[in-house]
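Structure file protein.cif (mmCIF, C-alpha atoms) is printed below.
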data_start
loop_
_atom_site.label_atom_id
_atom_site.label_comp_id
_atom_site.auth_asym_id
_atom_site.auth_seq_id
_atom_site.Cartn_x
_atom_site.Cartn_y
_atom_site.Cartn_z
CA MET A 98 13.87 -68.72 -19.78
CA CYS A 99 15.01 -65.69 -17.87
CA HIS A 100 17.22 -66.60 -14.93
CA LYS A 101 17.53 -64.31 -11.95
CA GLU A 102 20.64 -64.84 -9.83
CA HIS A 103 19.74 -65.88 -6.30
CA PRO A 104 21.73 -64.38 -3.41
CA VAL A 105 22.67 -67.76 -1.95
CA GLN A 106 24.68 -68.48 -5.09
CA GLN A 107 27.22 -65.95 -3.85
CA THR A 108 29.85 -67.05 -1.34
CA PRO A 109 28.39 -67.08 2.19
CA ASP A 110 30.70 -64.36 3.59
CA PHE A 111 29.82 -62.03 0.72
CA TYR A 112 26.10 -62.73 1.05
CA TYR A 113 25.97 -62.08 4.80
CA GLN A 114 28.13 -58.98 4.43
CA PHE A 115 25.69 -57.46 1.94
CA HIS A 116 22.67 -58.67 3.91
CA ILE A 117 23.92 -56.92 7.05
CA LEU A 118 24.91 -53.72 5.26
CA ASP A 119 21.59 -53.51 3.41
CA SER A 120 19.67 -53.85 6.66
CA LEU A 121 21.65 -51.22 8.58
CA LYS A 122 19.81 -47.96 9.16
CA GLN A 123 21.33 -44.84 10.65
CA LYS A 124 19.62 -41.53 11.34
CA GLY A 125 20.87 -38.33 12.87
CA SER A 126 24.55 -38.83 12.09
CA PHE A 127 25.74 -37.88 8.63
CA GLN A 128 29.16 -39.40 9.30
CA ASN A 129 27.69 -42.80 10.19
CA GLU A 130 25.36 -42.71 7.19
CA ALA A 131 28.36 -41.97 4.98
CA TYR A 132 30.33 -44.79 6.61
CA ILE A 133 27.60 -47.35 5.84
CA ASP A 134 27.48 -46.11 2.25
CA PHE A 135 31.27 -46.37 2.10
CA GLN A 136 31.11 -49.98 3.34
CA ILE A 137 28.49 -50.89 0.72
CA LYS A 138 30.62 -49.41 -2.08
CA MET A 139 33.70 -51.22 -0.77
CA ALA A 140 31.80 -54.54 -0.68
CA ALA A 141 30.75 -54.05 -4.31
CA LEU A 142 34.33 -53.28 -5.37
CA ASN A 143 35.63 -56.29 -3.45
CA LYS A 144 33.07 -58.54 -5.14
CA LYS A 145 34.17 -57.32 -8.55
CA GLY A 146 37.81 -57.76 -7.57
CA ARG A 147 37.25 -61.39 -6.56
CA GLN A 148 35.52 -62.10 -9.86
CA LEU A 149 38.37 -60.55 -11.84
CA LYS A 150 40.98 -62.51 -9.89
CA VAL A 151 39.21 -65.75 -10.79
CA GLU A 152 39.22 -64.67 -14.45
CA LYS A 153 42.88 -63.74 -14.22
CA LYS A 154 43.78 -67.17 -12.86
CA PHE A 155 41.83 -68.85 -15.67
CA TYR A 156 43.17 -66.70 -18.51
CA SER A 157 46.77 -66.94 -17.27
CA ARG A 158 46.66 -70.53 -18.52
CA THR A 159 44.52 -70.12 -21.62
CA ASN A 160 44.45 -66.70 -23.27
CA LYS A 161 47.12 -64.01 -22.93
CA ASP A 162 45.04 -61.34 -24.71
CA SER A 163 42.15 -61.86 -22.32
CA LEU A 164 44.63 -61.85 -19.43
CA ASN A 165 45.87 -58.40 -20.45
CA ALA A 166 42.30 -57.16 -20.62
CA VAL A 167 41.58 -58.49 -17.12
CA ASN A 168 44.74 -56.86 -15.77
CA GLN A 169 43.60 -53.52 -17.21
CA ARG A 170 40.21 -53.93 -15.54
CA LEU A 171 41.92 -54.73 -12.24
CA LYS A 172 44.00 -51.58 -12.61
CA LYS A 173 40.86 -49.51 -13.21
CA LEU A 174 39.23 -51.14 -10.19
CA SER A 175 42.23 -50.21 -8.06
CA ASP A 176 42.01 -46.63 -9.31
CA ARG A 177 38.31 -46.54 -8.37
CA ARG A 178 39.18 -47.69 -4.85
CA LEU A 179 41.82 -44.99 -4.48
CA TYR A 180 39.42 -42.36 -5.79
CA LEU A 181 36.81 -43.48 -3.23
CA TYR A 182 39.36 -43.34 -0.38
CA ASP A 183 40.62 -39.94 -1.48
CA SER A 184 37.17 -38.39 -1.89
CA ILE A 185 36.01 -39.65 1.53
CA SER A 186 39.21 -38.51 3.26
CA LYS A 187 38.82 -35.00 1.82
CA ALA A 188 35.08 -34.73 2.43
CA PHE A 189 35.52 -35.76 6.08
CA ASP A 190 38.91 -34.23 6.77
CA GLY A 191 39.51 -33.81 10.49
CA VAL A 192 36.94 -36.38 11.66
CA LEU A 193 37.01 -40.14 12.16
CA LEU A 194 35.64 -41.22 8.78
CA GLY A 195 38.21 -39.10 7.00
CA ASP A 196 41.00 -40.66 9.09
CA ILE A 197 39.73 -44.18 8.30
CA ALA A 198 39.64 -43.51 4.55
CA LYS A 199 43.07 -41.85 4.61
CA THR A 200 44.52 -44.91 6.34
CA LEU A 201 43.61 -46.97 3.27
CA ILE A 202 45.57 -44.70 0.92
CA PRO A 203 49.13 -45.98 0.30
CA VAL A 204 51.82 -43.45 1.08
CA LYS A 205 52.93 -41.66 -2.09
CA ALA A 206 56.60 -40.87 -2.57
CA PRO A 207 57.57 -37.42 -3.90
CA PRO A 208 59.07 -37.35 -7.41
CA ASP A 209 62.70 -37.23 -6.25
CA ILE A 210 62.19 -40.32 -4.09
CA LYS A 211 60.08 -42.09 -6.73
CA ALA A 212 62.99 -41.65 -9.15
CA LEU A 213 65.15 -43.78 -6.83
CA GLN A 214 62.97 -46.84 -7.34
CA ASN A 215 65.26 -48.08 -10.13
CA ARG A 216 68.44 -46.07 -9.51
CA ASN A 217 68.72 -46.72 -5.78
CA PRO A 218 66.08 -49.31 -4.75
CA GLU A 219 67.48 -49.69 -1.23
CA LYS A 220 67.07 -45.98 -0.47
CA TYR A 221 63.58 -46.01 -1.99
CA PHE A 222 62.68 -49.10 0.07
CA ASN A 223 63.84 -47.43 3.28
CA TRP A 224 61.84 -44.29 2.50
CA VAL A 225 58.65 -46.33 2.02
CA LYS A 226 59.33 -48.23 5.25
CA ASN A 227 59.96 -45.08 7.29
CA ASN A 228 56.87 -43.35 5.87
CA PHE A 229 54.56 -46.37 5.62
CA PHE A 230 52.25 -45.10 8.37
CA ASN A 231 52.21 -41.42 7.37
CA ASN A 232 48.50 -41.61 6.56
CA VAL A 233 47.57 -43.16 9.92
CA ASN A 234 46.34 -40.88 12.70
CA PHE A 235 47.62 -42.75 15.76
CA ARG A 236 45.91 -40.21 18.03
CA GLU A 237 42.45 -41.24 16.79
CA ALA A 238 41.32 -44.28 18.79
CA GLY A 239 38.46 -45.03 16.40
CA VAL A 240 40.89 -45.88 13.59
CA PHE A 241 41.85 -49.02 15.52
CA ASN A 242 38.25 -50.15 15.95
CA THR A 243 37.75 -50.90 12.27
CA PRO A 244 37.23 -53.99 10.05
CA GLU A 245 40.19 -56.33 9.58
CA TYR A 246 40.95 -55.09 6.06
CA ILE A 247 41.90 -51.65 7.38
CA MET A 248 44.41 -51.47 10.26
CA HIS A 249 45.02 -55.18 10.85
CA ARG A 250 45.93 -55.75 7.22
CA LYS A 251 48.14 -52.65 7.19
CA PHE A 252 50.22 -53.92 10.11
CA LYS A 253 50.47 -57.37 8.52
CA GLN A 254 51.75 -55.78 5.33
CA PHE A 255 54.36 -53.80 7.26
CA CYS A 256 55.63 -56.90 9.07
CA ARG A 257 55.74 -59.02 5.92
CA TYR A 258 57.36 -56.41 3.68
CA PHE A 259 59.84 -54.80 6.06
CA ILE A 260 60.44 -57.14 9.02
CA ASP A 261 60.05 -60.72 7.80
CA SER A 262 62.08 -59.97 4.66
CA ASN A 263 65.02 -58.51 6.59
CA THR A 264 66.12 -61.41 8.79
CA GLU A 265 69.80 -60.79 8.10
CA SER A 266 69.64 -57.47 9.98
CA PRO A 267 68.22 -58.14 13.48
CA ASP A 268 69.45 -54.81 14.87
CA GLU A 269 67.65 -52.97 12.07
CA ILE A 270 64.50 -54.97 12.81
CA LYS A 271 64.68 -53.98 16.48
CA THR A 272 64.96 -50.33 15.46
CA ASP A 273 61.96 -50.65 13.14
CA ILE A 274 59.88 -52.31 15.88
CA LYS A 275 60.89 -49.61 18.38
CA ASN A 276 60.02 -46.83 15.92
CA LEU A 277 56.60 -48.37 15.26
CA ILE A 278 55.82 -48.68 18.97
CA ASN A 279 56.97 -45.08 19.48
CA LYS A 280 54.52 -43.94 16.79
CA ALA A 281 51.77 -45.87 18.54
CA SER A 282 52.49 -44.13 21.85
CA ALA A 283 50.42 -41.19 20.54
CA SER A 284 47.41 -42.80 22.26
CA GLU A 285 46.83 -45.65 24.67
CA THR A 286 44.44 -47.34 22.24
CA ALA A 287 47.05 -47.33 19.47
CA HIS A 288 49.75 -48.47 21.91
CA ARG A 289 47.62 -51.40 23.09
CA TYR A 290 46.68 -52.35 19.54
CA VAL A 291 50.19 -52.26 18.09
CA ILE A 292 51.92 -54.09 20.93
CA SER A 293 49.15 -56.71 21.11
CA PHE A 294 49.34 -57.20 17.35
CA LEU A 295 53.13 -57.62 17.38
CA ILE A 296 53.02 -60.09 20.27
CA SER A 297 50.32 -62.14 18.55
CA TYR A 298 52.05 -62.04 15.15
CA TYR A 299 55.49 -63.01 16.47
CA SER A 300 54.27 -65.65 18.93
CA GLU A 301 53.93 -67.87 15.87
CA PRO A 302 55.82 -65.96 13.16
CA GLN A 303 55.71 -66.74 9.47
CA VAL A 304 59.52 -66.65 9.40
CA TYR A 305 61.30 -68.52 12.20
CA GLU A 306 64.25 -66.13 12.16
CA THR A 307 61.96 -63.41 13.53
CA GLU A 308 61.03 -65.24 16.76
CA PHE A 309 63.47 -62.95 18.56
CA VAL A 310 61.04 -60.03 18.04
CA LEU A 311 58.78 -61.34 20.81
CA VAL A 312 61.77 -61.72 23.14
CA TYR A 313 62.91 -58.20 22.26
CA ILE A 314 59.48 -56.70 23.02
CA ALA A 315 59.24 -58.60 26.31
CA ASP A 316 62.71 -57.51 27.46
CA LYS A 317 62.37 -53.90 26.37
CA TYR A 318 58.77 -53.17 27.33
CA PHE A 319 57.54 -55.78 29.82
CA SER A 320 60.50 -56.40 32.12
CA GLU A 321 60.66 -53.01 33.83
CA ASP A 322 56.99 -51.98 34.14
CA LYS A 323 57.21 -49.75 31.05
CA ILE A 324 53.66 -50.60 29.98
CA PRO A 325 51.36 -48.84 32.46
CA TRP A 326 48.17 -50.32 30.97
CA ALA A 327 49.38 -53.94 31.14
CA SER A 328 48.05 -56.09 33.99
CA ASP A 329 50.37 -58.23 36.12
CA ALA A 330 48.87 -61.35 34.53
CA MET A 331 49.60 -60.03 31.03
CA ILE A 332 53.18 -59.11 31.91
CA GLU A 333 53.75 -62.54 33.43
CA ARG A 334 52.28 -64.24 30.36
CA ILE A 335 54.40 -62.25 27.88
CA ASN A 336 57.59 -62.87 29.81
CA HIS A 337 56.73 -66.57 30.03
CA LEU A 338 56.28 -66.75 26.24
CA ALA A 339 59.60 -64.95 25.76
CA ASP A 340 61.43 -67.28 28.13
CA GLN A 341 60.10 -70.30 26.23
CA LYS A 342 61.68 -68.96 23.04
CA ARG A 343 64.78 -67.31 24.47
CA ASN A 344 67.06 -70.36 24.51
CA ASN A 345 65.86 -71.72 21.19
CA LEU A 346 66.38 -68.70 18.96
CA ILE A 347 68.14 -69.34 15.66
CA GLY A 348 71.80 -68.39 15.92
CA LYS A 349 71.87 -68.55 19.72
CA THR A 350 73.61 -71.18 21.82
CA ALA A 351 71.10 -73.62 23.28
CA LYS A 352 70.79 -73.85 27.05
CA SER A 353 73.07 -76.50 28.52
CA PHE A 354 71.55 -79.70 29.94
CA ASN A 355 72.59 -83.27 30.77
CA LEU A 356 71.69 -86.53 29.03
CA PRO A 357 72.43 -90.17 29.90
CA ASP A 358 74.68 -92.28 27.67
CA PRO A 359 74.03 -96.04 27.06
CA ASP A 360 75.79 -96.79 30.38
CA ASN A 361 73.55 -94.30 32.18
CA ASN A 362 76.40 -91.87 32.76
CA TYR A 363 75.22 -88.30 32.42
CA PHE A 364 77.05 -85.83 30.23
CA SER A 365 76.43 -82.45 28.64
CA PRO A 366 76.16 -82.11 24.84
CA ASP A 367 78.47 -79.10 25.29
CA SER A 368 81.25 -81.56 26.07
CA ILE A 369 81.09 -82.95 22.53
CA LYS A 370 83.55 -81.02 20.40
CA ALA A 371 82.01 -81.00 16.94
CA GLU A 372 80.85 -78.42 14.43
CA TYR A 373 77.36 -79.99 14.26
CA LYS A 374 75.47 -82.02 16.85
CA ILE A 375 72.27 -84.00 16.36
CA ILE A 376 70.19 -84.64 19.46
CA TRP A 377 67.70 -87.41 18.73
CA PHE A 378 64.67 -88.08 20.94
CA TRP A 379 62.47 -91.10 20.43
CA ASP A 380 60.01 -93.45 22.14
CA PRO A 381 61.17 -97.10 22.14
CA GLY A 382 57.55 -98.20 21.78
CA CYS A 383 57.02 -96.11 18.64
CA GLN A 384 57.42 -98.10 15.39
CA VAL A 385 58.04 -94.98 13.27
CA CYS A 386 60.66 -93.79 15.79
CA THR A 387 62.42 -97.15 15.62
CA GLU A 388 62.46 -97.11 11.80
CA LYS A 389 63.79 -93.57 11.65
CA THR A 390 66.39 -94.31 14.32
CA LEU A 391 67.74 -97.20 12.22
CA GLU A 392 67.86 -94.90 9.19
CA LEU A 393 69.78 -92.30 11.18
#
Translate this structure into structure tokens?
Amino acid sequence: MCHKEHPVQQTPDFYYQFHILDSLKQKGSFQNEAYIDFQIKMAALNKKGRQLKVEKKFYSRTNKDSLNAVNQRLKKLSDRRLYLYDSISKAFDGVLLGDIAKTLIPVKAPPDIKALQNRNPEKYFNWVKNNFFNNVNFREAGVFNTPEYIMHRKFKQFCRYFIDSNTESPDEIKTDIKNLINKASASETAHRYVISFLISYYSEPQVYETEFVLVYIADKYFSEDKIPWASDAMIERINHLADQKRNNLIGKTAKSFNLPDPDNNYFSPDSIKAEYKIIWFWDPGCQVCTEKTLEL
């Protein structure tokens, strides 16, 4: 019996993505027609990539030869993506679609810098960080009105690779954040996007040591009316979020306060001279709290 694969057997997000793309029709704008075609090709490549990743996970536990073959196919798939980005960026150089495609192309180090990858990895790392957004046209507002896998993912990668991994150098992180915001000042749209992204990302950061980034942005950009496009309500909200975190940042001295002792005499934890202090809060009516208090 011949079996024909039914669309609903695909994952729902993939099915609806293809359904929408297949139904889109554009006339009178070659750039928009090309963009829809670009999206369809990207969806097909992403589908193939998901299938190969499933195979890779399976063969990593069962068959090393097959795993190597899958890795080679993934490499070829990656090359096809880069070829698609490069061809679109060249064919539409100077217009929005070209800028979008170019954004997807990873920055390529020149040979002398590439040679440092093994000999001087720190210098190579810093070059990639400082040039990470070379292919992004911050003056083009349309670049920031794109699907999540384009600009949003690029900023997430930057934060994860270069900010979240560098918690031992807060001053360097502040410089990197400032440099990124300066790049984004090329247009109001980019400025809004980047600052909003950073505030959202560092309101609940992946790495607790980076909570200070939100406080830094609030103090540097929202305390002295340096953001002309920000409303009073937004400024108040950002500063409120920063103040909530300010006294609880890792490495900072907590704000002083008073607590009652068993005799109801109030004292400050600062008066306890010890290298470490444990402040324990509990509800007397909570059974778990009582058990844990006894353990403590």
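For Ser266 in chain A, the residues within 12 Å (counting all atoms listed in the file, excluding itself and residues fewer than 6 positions away along the chain) are A:Phe259, A:Ile260, A:Thr272, A:Asp273, A:Glu306, A:Thr307, A:Phe309.
Residue nearest Phe319 in chain A, chosen from A:His337, A:Ser184, A:Arg216, A:Lys161 and counting all atoms listed in the file: A:His337.
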(request) One decimal, Å: what's the distance from CA of Ile347 in chain A over to CA of Asp380 in chain A, could you say? (result)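 Here the two named atoms are 26.3 Å from each other.
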(request) List every protein, DNA or RNA residue that has at least one atom no more than 10 Å from (39.8, -62.6, -14.6) in the file's coordinates, counting all atoms listed in the file, and write the result as a ChimeraX atom specification. (result) /A:145-157,163-168,170-171
(message) For a quick check of understanding, using only C-alpha atoms, which of A:Tyr182, A:Tyr373, A:Phe294, A:Phe354 has the smallest distance to Leu194 in chain A?
(response)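 Of A:Tyr182, A:Tyr373, A:Phe294, A:Phe354, the one nearest Leu194 in chain A, counting only C-alpha atoms, is A:Tyr182.
Relative to CA of Asp134 in chain A, CA of Leu181 in chain A is found at 11.1 Å.
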(message) If the PyMOL selection byres ((chain A and resi 138) around 12) were run on this exact file, what residues would it hold? Put them as a VMD selection string.
(response) chain A and resid 114 to 115 118 to 119 131 to 137 139 to 145 174 177 to 178 180 to 182 185
(request) Would you write out, as number ranges by chain, every residue that the PyMOL selection byres ((chain A and resi 238) around 10) captures in this file? (result) A: 193, 234-237, 239-243, 283-288, 290
At most 10 Å from (72.6, -86.7, 9.5), file frame, all atoms listed in the file: which residues, as a PDB file with C-alpha atoms, keeping the file's coordinate frame?
ATOM      1  CA  TYR A 373      77.360 -79.990  14.260  1.00  0.00           C
ATOM      2  CA  LYS A 374      75.470 -82.020  16.850  1.00  0.00           C
ATOM      3  CA  ILE A 375      72.270 -84.000  16.360  1.00  0.00           C
ATOM      4  CA  GLU A 392      67.860 -94.900   9.190  1.00  0.00           C
ATOM      5  CA  LEU A 393      69.780 -92.300  11.180  1.00  0.00           C
TER       6      LEU A 393
END
(message) Here's the selection I'm unsure about, the PyMOL selection byres ((chain A and resi 196) around 8); applied to the file above, which residues does it give, as an NGL selection string?
(response) :A and (186 or 189-195 or 197-200 or 232-234 or 237 or 240)
(request) Kindly give the distance, in Å, that separates CA of Leu311 in chain A and CA of Ser293 in chain A, rounded to a single decimal. (result) 10.7 Å
(request) Find the residues around Thr264 in chain A up to 12 Å (all atoms listed in the file counted), leave out those fewer than 3 positions away in its own chain, and share them as an MDAnalysis selection string. (result) chainID A and resid 256:261 267:271 303:310 347:348
(message) Just want the 12 Å neighbourhood of Phe378 in chain A, counted on all atoms listed in the file, with same-chain residues fewer than 3 positions away dropped. Output as a list in words.
(response) Leu356, Ile375, Pro381, Cys383, Cys386, Thr387, Lys389, Thr390 and Leu393 of chain A
(message) Please list as a list of chain:residue names every residue within 9 Å of Ile210 in chain A, counting all atoms listed in the file and excluding residues in the same chain fewer than 2 positions away.
(response)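 Answer for this query is A:Ala206, A:Pro207, A:Pro208, A:Ala212, A:Leu213, A:Gln214, A:Lys220, A:Tyr221, A:Trp224.
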(request) Could you tell me which of A:Glu130, A:Pro218, A:Lys253, A:Gln169 comes closest to Pro302 in chain A if we count only C-alpha atoms? (result)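 Closest to Pro302 in chain A, using only C-alpha atoms: A:Lys253.
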